[in-house]
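Asks: Mind having a look at this structure? Questions to follow.
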Amino acid sequence: MAVSGGSVLALRALGLGDLLTAVPALRGLRRAFPQHRLVLAAPRALGGLLPLLPEVDELHPTEGLADFAWRRRPPEVAVNLHGSGPESVAAVCSTRARRILTHRHPAFPAVAGPEWSDDQHEVRRWCRLLEHWGIDADHEDLRLPEPTGPSPPGSAVLHPGASRGARRWPVERFAEVARWLTANGHRVVITGTADERAIARRLAELAGLAPDAVLAGGTDLPQLARLVARAELVVCGDTGVAHLATAFATPSVVLFGPVAPARWGPPPDGPHIALWDGRSGDTFAAEPSPGLLALGPGQVIEAAGKLLARIA
């Protein structure tokens, strides 16, 4: 299917977890177009992870669909790995690529593609899109190589934040987990963005941790990747950090609320435990979803104990 020269543009102008769930699709594109330059349109901050994804030749900084612009030579192929809406279809069409690979949308009747289905895992979604066009993609091909460079060894990483309130488990419950880990001899560190530093500090205070346990806002993406790759355990909600744990096969307990793990969860055969009480909810709600609140610290501690026992 590959032809010589030109570029392949993959649009995925979303967050860390979104990029990591698209890794199998990006690798499928690399194999299908070995002589092309594979360009990823994604936020600039994700560029720090690209040394671990050599299949991608170049980052085209794109903070979101409204920011997308392609003023270069039209790519040979433009691939919509972004979403189902007309905006993402319009974005890839605006590149004037010779071929457009996307899901079908009624606003673009002349653009062919498979129908969008909500009822599938995010990793499989993009693999199936490519398979529709005759491109093989292995949905299990999620691993990243371990990053080089220094990081705190042997830490249990707690990540209490999330981009939406619906996916934020209460910090008081994270603190119970942190106290249990500390009592059992594990060094706990707390990660997050700069905006989540107050949450991280509150967690540390409630758990009786020293101030230097708070790494929120103090790690860039490569540093965070190294930390997760070498951690003994990660406990977090349905966030990008959960997908980092999957990428490095780091044992993880992932708490799901508004969205089922069948849609965004870790692979079932990895060292991961996805906790979900079976209730879906509003992904964009400001408060934790009822399903997430149904998960108690005892369940998380039990799951963490099972994972840590495997590596003891």
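Chain identifiers are assigned as A, B, and so on, following the order in which chains appear in the structure tokens; residues are numbered from 1 within each chain, and ligands are numbered from 1 in order of appearance.
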Could you name the residues that touch Glu140 (chain A) at 10 Å or less, counting only C-alpha atoms, but leaving out those on the same chain fewer than 3 positions away, as a ChimeraX atom specification?
Replies: /A:23-24,123-124,137,143,267
Asks: Can those selected residues be exported to a file as a PDB file, in the first residue's frame so that it contains C-alpha atoms?
Replies:
ATOM      1  CA  VAL A  23       0.087   4.272  19.604  1.00  0.00           C
ATOM      2  CA  PRO A  24      -0.967   0.998  17.883  1.00  0.00           C
ATOM      3  CA  VAL A 123      -7.495   1.601  21.256  1.00  0.00           C
ATOM      4  CA  ARG A 124      -9.480  -0.756  19.044  1.00  0.00           C
ATOM      5  CA  ALA A 137      -2.770  -2.392  13.318  1.00  0.00           C
ATOM      6  CA  ARG A 143       4.270  -0.771  25.115  1.00  0.00           C
ATOM      7  CA  PRO A 267      -5.535  -4.419  28.952  1.00  0.00           C
TER       8      PRO A 267
END
Asks: Residues at most 7 Å from region 169-178 of chain A, counting only C-alpha atoms, excluding those fewer than 6 positions away in the same chain, as an MDAnalysis selection string?
Replies: chainID A and resid 160 188 203 206:207 237 288 292:293 297 301
Asks: May I have all residues of region 82-160 of chain A that DSSP, computed from the backbone, assigns to strand (DSSP E), given as a PyMOL selection string?
Replies: chain A and resi 99-101+155-159
Asks: How would the residues just picked look written out with all heavy atoms as a PDB file, in the first residue's frame?
Replies:
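The result, written out as selection.pdb:
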ATOM      1  N   ARG A  99      -5.395  11.322  -0.110  1.00  0.00           N
ATOM      2  CA  ARG A  99      -6.290  10.352   0.481  1.00  0.00           C
ATOM      3  C   ARG A  99      -6.665  10.812   1.882  1.00  0.00           C
ATOM      4  O   ARG A  99      -5.818  11.291   2.641  1.00  0.00           O
ATOM      5  CB  ARG A  99      -5.645   8.958   0.549  1.00  0.00           C
ATOM      6  CG  ARG A  99      -5.290   8.379  -0.801  1.00  0.00           C
ATOM      7  CD  ARG A  99      -4.797   6.954  -0.633  1.00  0.00           C
ATOM      8  NE  ARG A  99      -5.828   6.118  -0.036  1.00  0.00           N
ATOM      9  CZ  ARG A  99      -5.592   4.997   0.645  1.00  0.00           C
ATOM     10  NH1 ARG A  99      -4.346   4.606   0.839  1.00  0.00           N
ATOM     11  NH2 ARG A  99      -6.586   4.285   1.137  1.00  0.00           N
ATOM     12  N   ILE A 100      -7.927  10.648   2.231  1.00  0.00           N
ATOM     13  CA  ILE A 100      -8.432  10.970   3.553  1.00  0.00           C
ATOM     14  C   ILE A 100      -8.912   9.677   4.206  1.00  0.00           C
ATOM     15  O   ILE A 100      -9.751   8.965   3.643  1.00  0.00           O
ATOM     16  CB  ILE A 100      -9.602  11.971   3.499  1.00  0.00           C
ATOM     17  CG1 ILE A 100      -9.175  13.271   2.806  1.00  0.00           C
ATOM     18  CG2 ILE A 100     -10.161  12.229   4.893  1.00  0.00           C
ATOM     19  CD1 ILE A 100      -8.189  14.096   3.585  1.00  0.00           C
ATOM     20  N   LEU A 101      -8.369   9.376   5.385  1.00  0.00           N
ATOM     21  CA  LEU A 101      -8.809   8.212   6.150  1.00  0.00           C
ATOM     22  C   LEU A 101      -9.522   8.719   7.397  1.00  0.00           C
ATOM     23  O   LEU A 101      -8.907   9.323   8.276  1.00  0.00           O
ATOM     24  CB  LEU A 101      -7.628   7.328   6.542  1.00  0.00           C
ATOM     25  CG  LEU A 101      -6.660   6.902   5.427  1.00  0.00           C
ATOM     26  CD1 LEU A 101      -5.650   5.896   5.969  1.00  0.00           C
ATOM     27  CD2 LEU A 101      -7.402   6.326   4.234  1.00  0.00           C
ATOM     28  N   SER A 155       9.088   4.011  43.858  1.00  0.00           N
ATOM     29  CA  SER A 155       8.034   4.808  44.472  1.00  0.00           C
ATOM     30  C   SER A 155       6.658   4.235  44.164  1.00  0.00           C
ATOM     31  O   SER A 155       6.443   3.597  43.136  1.00  0.00           O
ATOM     32  CB  SER A 155       8.092   6.247  43.965  1.00  0.00           C
ATOM     33  OG  SER A 155       9.330   6.840  44.255  1.00  0.00           O
ATOM     34  N   ALA A 156       5.728   4.480  45.087  1.00  0.00           N
ATOM     35  CA  ALA A 156       4.313   4.272  44.806  1.00  0.00           C
ATOM     36  C   ALA A 156       3.758   5.633  44.406  1.00  0.00           C
ATOM     37  O   ALA A 156       3.813   6.595  45.182  1.00  0.00           O
ATOM     38  CB  ALA A 156       3.589   3.733  46.032  1.00  0.00           C
ATOM     39  N   VAL A 157       3.268   5.739  43.187  1.00  0.00           N
ATOM     40  CA  VAL A 157       2.815   7.015  42.637  1.00  0.00           C
ATOM     41  C   VAL A 157       1.313   7.149  42.821  1.00  0.00           C
ATOM     42  O   VAL A 157       0.541   6.303  42.341  1.00  0.00           O
ATOM     43  CB  VAL A 157       3.167   7.121  41.137  1.00  0.00           C
ATOM     44  CG1 VAL A 157       2.597   8.409  40.536  1.00  0.00           C
ATOM     45  CG2 VAL A 157       4.681   7.061  40.941  1.00  0.00           C
ATOM     46  N   LEU A 158       0.892   8.200  43.492  1.00  0.00           N
ATOM     47  CA  LEU A 158      -0.528   8.524  43.600  1.00  0.00           C
ATOM     48  C   LEU A 158      -0.789   9.774  42.761  1.00  0.00           C
ATOM     49  O   LEU A 158      -0.076  10.771  42.889  1.00  0.00           O
ATOM     50  CB  LEU A 158      -0.931   8.789  45.057  1.00  0.00           C
ATOM     51  CG  LEU A 158      -0.725   7.659  46.068  1.00  0.00           C
ATOM     52  CD1 LEU A 158      -1.434   7.990  47.378  1.00  0.00           C
ATOM     53  CD2 LEU A 158      -1.208   6.330  45.533  1.00  0.00           C
ATOM     54  N   HIS A 159      -1.809   9.708  41.926  1.00  0.00           N
ATOM     55  CA  HIS A 159      -2.137  10.815  41.032  1.00  0.00           C
ATOM     56  C   HIS A 159      -3.608  11.163  41.258  1.00  0.00           C
ATOM     57  O   HIS A 159      -4.500  10.572  40.638  1.00  0.00           O
ATOM     58  CB  HIS A 159      -1.893  10.398  39.585  1.00  0.00           C
ATOM     59  CG  HIS A 159      -1.993  11.524  38.596  1.00  0.00           C
ATOM     60  ND1 HIS A 159      -0.932  12.343  38.278  1.00  0.00           N
ATOM     61  CD2 HIS A 159      -3.049  11.976  37.868  1.00  0.00           C
ATOM     62  CE1 HIS A 159      -1.319  13.238  37.386  1.00  0.00           C
ATOM     63  NE2 HIS A 159      -2.605  13.038  37.129  1.00  0.00           N
TER      64      HIS A 159
END
Asks: Return as JSON lines the residues of region 54-168 of chain A lying at most 12 Å from region 6-17 of chain A, together with the closest atom-to-atom pair for each and the distance in Å to one decimal, counting only C-alpha atoms, with rows in chain order and ascending residue number.
Replies:
{"residue": "A:Glu55", "atom": "CA", "partner": "A:Val8", "partner_atom": "CA", "distance": 11.7}
{"residue": "A:Val56", "atom": "CA", "partner": "A:Ala10", "partner_atom": "CA", "distance": 9.5}
{"residue": "A:Asp57", "atom": "CA", "partner": "A:Ser7", "partner_atom": "CA", "distance": 9.8}
{"residue": "A:Glu58", "atom": "CA", "partner": "A:Leu9", "partner_atom": "CA", "distance": 9.6}
{"residue": "A:Leu59", "atom": "CA", "partner": "A:Leu9", "partner_atom": "CA", "distance": 9.8}
{"residue": "A:His60", "atom": "CA", "partner": "A:Leu9", "partner_atom": "CA", "distance": 8.9}
{"residue": "A:Pro61", "atom": "CA", "partner": "A:Ala13", "partner_atom": "CA", "distance": 8.4}
{"residue": "A:Thr62", "atom": "CA", "partner": "A:Ala13", "partner_atom": "CA", "distance": 5.8}
{"residue": "A:Glu63", "atom": "CA", "partner": "A:Ala13", "partner_atom": "CA", "distance": 6.0}
{"residue": "A:Gly64", "atom": "CA", "partner": "A:Ala13", "partner_atom": "CA", "distance": 5.0}
{"residue": "A:Leu65", "atom": "CA", "partner": "A:Ala13", "partner_atom": "CA", "distance": 6.6}
{"residue": "A:Ala66", "atom": "CA", "partner": "A:Ala13", "partner_atom": "CA", "distance": 9.8}
{"residue": "A:Asp67", "atom": "CA", "partner": "A:Ala13", "partner_atom": "CA", "distance": 9.0}
{"residue": "A:Phe68", "atom": "CA", "partner": "A:Ala13", "partner_atom": "CA", "distance": 8.3}
{"residue": "A:Ala69", "atom": "CA", "partner": "A:Leu11", "partner_atom": "CA", "distance": 11.0}
{"residue": "A:Trp70", "atom": "CA", "partner": "A:Leu9", "partner_atom": "CA", "distance": 9.8}
{"residue": "A:Arg72", "atom": "CA", "partner": "A:Ser7", "partner_atom": "CA", "distance": 10.5}
{"residue": "A:Arg73", "atom": "CA", "partner": "A:Gly6", "partner_atom": "CA", "distance": 8.7}
{"residue": "A:Pro74", "atom": "CA", "partner": "A:Ser7", "partner_atom": "CA", "distance": 8.2}
{"residue": "A:Pro75", "atom": "CA", "partner": "A:Ser7", "partner_atom": "CA", "distance": 4.9}
{"residue": "A:Glu76", "atom": "CA", "partner": "A:Ser7", "partner_atom": "CA", "distance": 5.6}
{"residue": "A:Val77", "atom": "CA", "partner": "A:Val8", "partner_atom": "CA", "distance": 4.8}
{"residue": "A:Ala78", "atom": "CA", "partner": "A:Leu9", "partner_atom": "CA", "distance": 4.7}
{"residue": "A:Val79", "atom": "CA", "partner": "A:Ala10", "partner_atom": "CA", "distance": 4.8}
{"residue": "A:Asn80", "atom": "CA", "partner": "A:Leu11", "partner_atom": "CA", "distance": 5.3}
{"residue": "A:Leu81", "atom": "CA", "partner": "A:Arg12", "partner_atom": "CA", "distance": 5.3}
{"residue": "A:His82", "atom": "CA", "partner": "A:Arg12", "partner_atom": "CA", "distance": 4.5}
{"residue": "A:Gly83", "atom": "CA", "partner": "A:Arg12", "partner_atom": "CA", "distance": 8.3}
{"residue": "A:Ser84", "atom": "CA", "partner": "A:Arg12", "partner_atom": "CA", "distance": 11.9}
{"residue": "A:Glu87", "atom": "CA", "partner": "A:Leu11", "partner_atom": "CA", "distance": 11.6}
{"residue": "A:Ser88", "atom": "CA", "partner": "A:Leu11", "partner_atom": "CA", "distance": 8.1}
{"residue": "A:Val89", "atom": "CA", "partner": "A:Leu11", "partner_atom": "CA", "distance": 9.9}
{"residue": "A:Ala90", "atom": "CA", "partner": "A:Leu11", "partner_atom": "CA", "distance": 11.4}
{"residue": "A:Ala91", "atom": "CA", "partner": "A:Leu11", "partner_atom": "CA", "distance": 8.4}
{"residue": "A:Val92", "atom": "CA", "partner": "A:Leu11", "partner_atom": "CA", "distance": 7.4}
{"residue": "A:Cys93", "atom": "CA", "partner": "A:Leu11", "partner_atom": "CA", "distance": 11.2}
{"residue": "A:Ser94", "atom": "CA", "partner": "A:Leu9", "partner_atom": "CA", "distance": 11.8}
{"residue": "A:Thr95", "atom": "CA", "partner": "A:Leu9", "partner_atom": "CA", "distance": 8.9}
{"residue": "A:Arg96", "atom": "CA", "partner": "A:Leu9", "partner_atom": "CA", "distance": 11.2}
{"residue": "A:Ala97", "atom": "CA", "partner": "A:Leu9", "partner_atom": "CA", "distance": 8.8}
{"residue": "A:Arg98", "atom": "CA", "partner": "A:Val8", "partner_atom": "CA", "distance": 10.2}
{"residue": "A:Arg99", "atom": "CA", "partner": "A:Val8", "partner_atom": "CA", "distance": 9.6}
{"residue": "A:Ile100", "atom": "CA", "partner": "A:Leu9", "partner_atom": "CA", "distance": 9.8}
{"residue": "A:Leu101", "atom": "CA", "partner": "A:Ala10", "partner_atom": "CA", "distance": 9.4}
{"residue": "A:Thr102", "atom": "CA", "partner": "A:Leu11", "partner_atom": "CA", "distance": 10.2}
{"residue": "A:Glu122", "atom": "CA", "partner": "A:Gly17", "partner_atom": "CA", "distance": 10.2}
{"residue": "A:Val123", "atom": "CA", "partner": "A:Gly17", "partner_atom": "CA", "distance": 10.5}
{"residue": "A:Trp126", "atom": "CA", "partner": "A:Arg12", "partner_atom": "CA", "distance": 10.8}
{"residue": "A:Leu130", "atom": "CA", "partner": "A:Ala10", "partner_atom": "CA", "distance": 11.5}
{"residue": "A:Leu142", "atom": "CA", "partner": "A:Gly17", "partner_atom": "CA", "distance": 11.6}
{"residue": "A:Ala162", "atom": "CA", "partner": "A:Gly17", "partner_atom": "CA", "distance": 11.2}
{"residue": "A:Ser163", "atom": "CA", "partner": "A:Gly15", "partner_atom": "CA", "distance": 9.6}
Asks: Compare A:Gly298, A:Gly149, A:Pro258, A:Gly305 by their minimum atom-to-atom distance to His272 (chain A), counting only C-alpha atoms, and give me the closest one.
Replies: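 Selected residue with least distance to His272 (chain A): A:Gly305.
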Asks: With only C-alpha atoms as the atoms that count, which of A:Gly257, A:Pro222, A:Gly217, A:Pro43 lies nearest to Ser151 (chain A)?
Replies: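 With only C-alpha atoms as the atom set, the closest residue is A:Pro222.
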Asks: Work out how far CA of Asp119 (chain A) is from CA of Leu244 (chain A), in Å to one decimal.
Replies: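 Going from CA of Leu244 (chain A) over to CA of Asp119 (chain A) covers 23.4 Å.
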